[in-house]
Amino acid sequence: MLLRVHQQISDSCKDFHCKQAHFLCDQGGMVFVEDLDFRIMAKGMLDKHTLDAGFGQFLNQILPWVCWKRSVHFGKVNPNGTSQTCPDCGALVKKDLSVRIHHCLECGSTKPRDIASGEVIRNRGLSAVGHTVDQAVCGGVLAGAAMSSQVPVKQKPKS
Ligand SMILES: [Zn+2]
């Protein structure tokens with residue numbers, strides 16, 4: 001009985017992840033994620049949420065597979081400092097997890113933290129495939145950054 005309940009949870013979780021993956025593919029021709037090491041994250045403070053949500057499986061299996069099926073480019077980017085970098089000028093903007101707004105003293109850029117780090121990930125992904133950053137191409141909408149508020153964690157805990 002317990003096993004069956006677990007199986008149902010696992011199935012519906014996968015279904016949720018599949019929907020999220022398709023939602024991301026609906027937003028454009030490219031999807032970029034941070035290349036996170038879940039073995040390291042499992043030792044951090046945010047492990048339970050991350051692992052319970054099957055987030056690693058989502059990023060490493062479900063999302064790449066759905067992208068491949070739908071001919072959407074999938075890329076992983078270096079996760080270092082994505083939450084500490086200004087997406088607009090590249091300056092280092094240090095902030096701990098409690099600071100939810102990115103505010104850059106260099107260029108004045110101010111936006112929600114998750115949007116800012118999402119833009120850094122997008123910029124890195126685009127430069128990896130040889131594109132320059134263009135708001136018109138990206139539509140200025142970051143589906144993944146919006147999604148991160150539903151997924152428990154997207155950043156490596158700072159240690
Ligand atoms: Zn800046």
# chains A, B, ... in the order shown; residues from 1 in each chain; ligands from 1
call {"tool": "residues_near_ligand", "arguments": {"ligand": "ligand 1", "cutoff": "9 Å", "atoms": "only C-alpha atoms and all ligand atoms", "output": "list in words"}}
result
Thr85, Cys86, Pro87, Asp88, Cys89, Gly90, Ala91, Leu92, Val93, His103, Cys104, Leu105, Glu106, Cys107, Gly108, Ser109 and Thr110 of chain A
call {"tool": "residues_around", "arguments": {"residues": "Lys76 of chain A", "least_positions_apart": "3", "cutoff": "9 Å", "atoms": "only C-alpha atoms", "output": "VMD selection string"}}
result
chain A and resid 31 to 36 79 121 125
call {"tool": "closest_residue", "arguments": {"among": "A:Ile115, A:Val72, A:Leu97, A:Val77", "to": "Ser127 of chain A", "atoms": "only C-alpha atoms"}}
result
A:Val77
call {"tool": "closest_residue", "arguments": {"among": "A:Val120, A:Ala128, A:Val99, A:Cys18", "to": "His73 of chain A", "atoms": "only C-alpha atoms"}}
result
A:Ala128
call {"tool": "select_by_dssp", "arguments": {"residues": "segment 22-111 of chain A", "states": "helix (DSSP H, G or I)", "output": "VMD selection string"}}
result
chain A and resid 22 to 26 38 to 41 47 to 52 55 to 69
call {"tool": "residues_around", "arguments": {"residues": "Leu63 of chain A", "least_positions_apart": "3", "cutoff": "9 Å", "atoms": "only C-alpha atoms", "output": "JSON list (two decimals) with C-alpha atoms, in the first residue's frame"}}
result
[["chain", "number", "residue", "atom", "x", "y", "z"],
["A", 17, "HIS", "CA", 7.68, 18.12, -14.24],
["A", 18, "CYS", "CA", 6.68, 17.16, -17.77],
["A", 20, "GLN", "CA", 6.80, 22.41, -16.55],
["A", 21, "ALA", "CA", 9.24, 21.22, -19.20],
["A", 22, "HIS", "CA", 6.66, 21.70, -21.96],
["A", 24, "LEU", "CA", 9.43, 26.14, -20.76],
["A", 25, "CYS", "CA", 9.68, 24.82, -24.32],
["A", 31, "VAL", "CA", 16.31, 26.57, -22.52],
["A", 57, "GLN", "CA", 15.84, 14.41, -12.24],
["A", 58, "PHE", "CA", 13.91, 17.30, -13.74],
["A", 59, "LEU", "CA", 17.05, 19.19, -14.75],
["A", 60, "ASN", "CA", 19.12, 16.21, -15.82],
["A", 66, "VAL", "CA", 11.38, 17.17, -23.56],
["A", 67, "CYS", "CA", 13.62, 19.83, -25.16],
["A", 68, "TRP", "CA", 15.12, 17.22, -27.45],
["A", 74, "PHE", "CA", 18.98, 22.82, -24.14]]
call {"tool": "atom_distance", "arguments": {"atom1": "atom CA of Ile62 of chain A", "atom2": "atom CA of Lys19 of chain A"}}
result
10.1 Å
call {"tool": "closest_residue", "arguments": {"among": "A:Arg70, A:Gly118, A:Gln7, A:Lys14", "to": "Asp26 of chain A", "atoms": "only C-alpha atoms"}}
result
A:Arg70
call {"tool": "decode", "arguments": {"residues": "segment 7-28 of chain A", "atoms": "C-alpha atoms", "output": "mmCIF file, in the first residue's frame"}}
result
data_model
loop_
_atom_site.group_PDB
_atom_site.id
_atom_site.type_symbol
_atom_site.label_atom_id
_atom_site.label_comp_id
_atom_site.auth_asym_id
_atom_site.auth_seq_id
_atom_site.Cartn_x
_atom_site.Cartn_y
_atom_site.Cartn_z
ATOM 1 C CA GLN A 7 4.425 5.350 -6.865
ATOM 2 C CA GLN A 8 1.435 7.672 -7.303
ATOM 3 C CA ILE A 9 3.351 10.570 -5.804
ATOM 4 C CA SER A 10 6.264 9.802 -8.071
ATOM 5 C CA ASP A 11 4.002 9.597 -11.145
ATOM 6 C CA SER A 12 2.179 12.838 -10.457
ATOM 7 C CA CYS A 13 5.494 14.505 -9.696
ATOM 8 C CA LYS A 14 6.816 13.423 -13.074
ATOM 9 C CA ASP A 15 3.624 14.615 -14.689
ATOM 10 C CA PHE A 16 4.083 18.019 -13.051
ATOM 11 C CA HIS A 17 7.680 18.120 -14.239
ATOM 12 C CA CYS A 18 6.677 17.157 -17.767
ATOM 13 C CA LYS A 19 4.168 19.991 -17.820
ATOM 14 C CA GLN A 20 6.797 22.409 -16.546
ATOM 15 C CA ALA A 21 9.238 21.221 -19.201
ATOM 16 C CA HIS A 22 6.665 21.697 -21.958
ATOM 17 C CA PHE A 23 5.777 25.101 -20.526
ATOM 18 C CA LEU A 24 9.432 26.142 -20.760
ATOM 19 C CA CYS A 25 9.676 24.819 -24.321
ATOM 20 C CA ASP A 26 6.569 26.845 -25.206
ATOM 21 C CA GLN A 27 8.421 30.059 -24.296
ATOM 22 C CA GLY A 28 11.047 29.951 -27.016
#
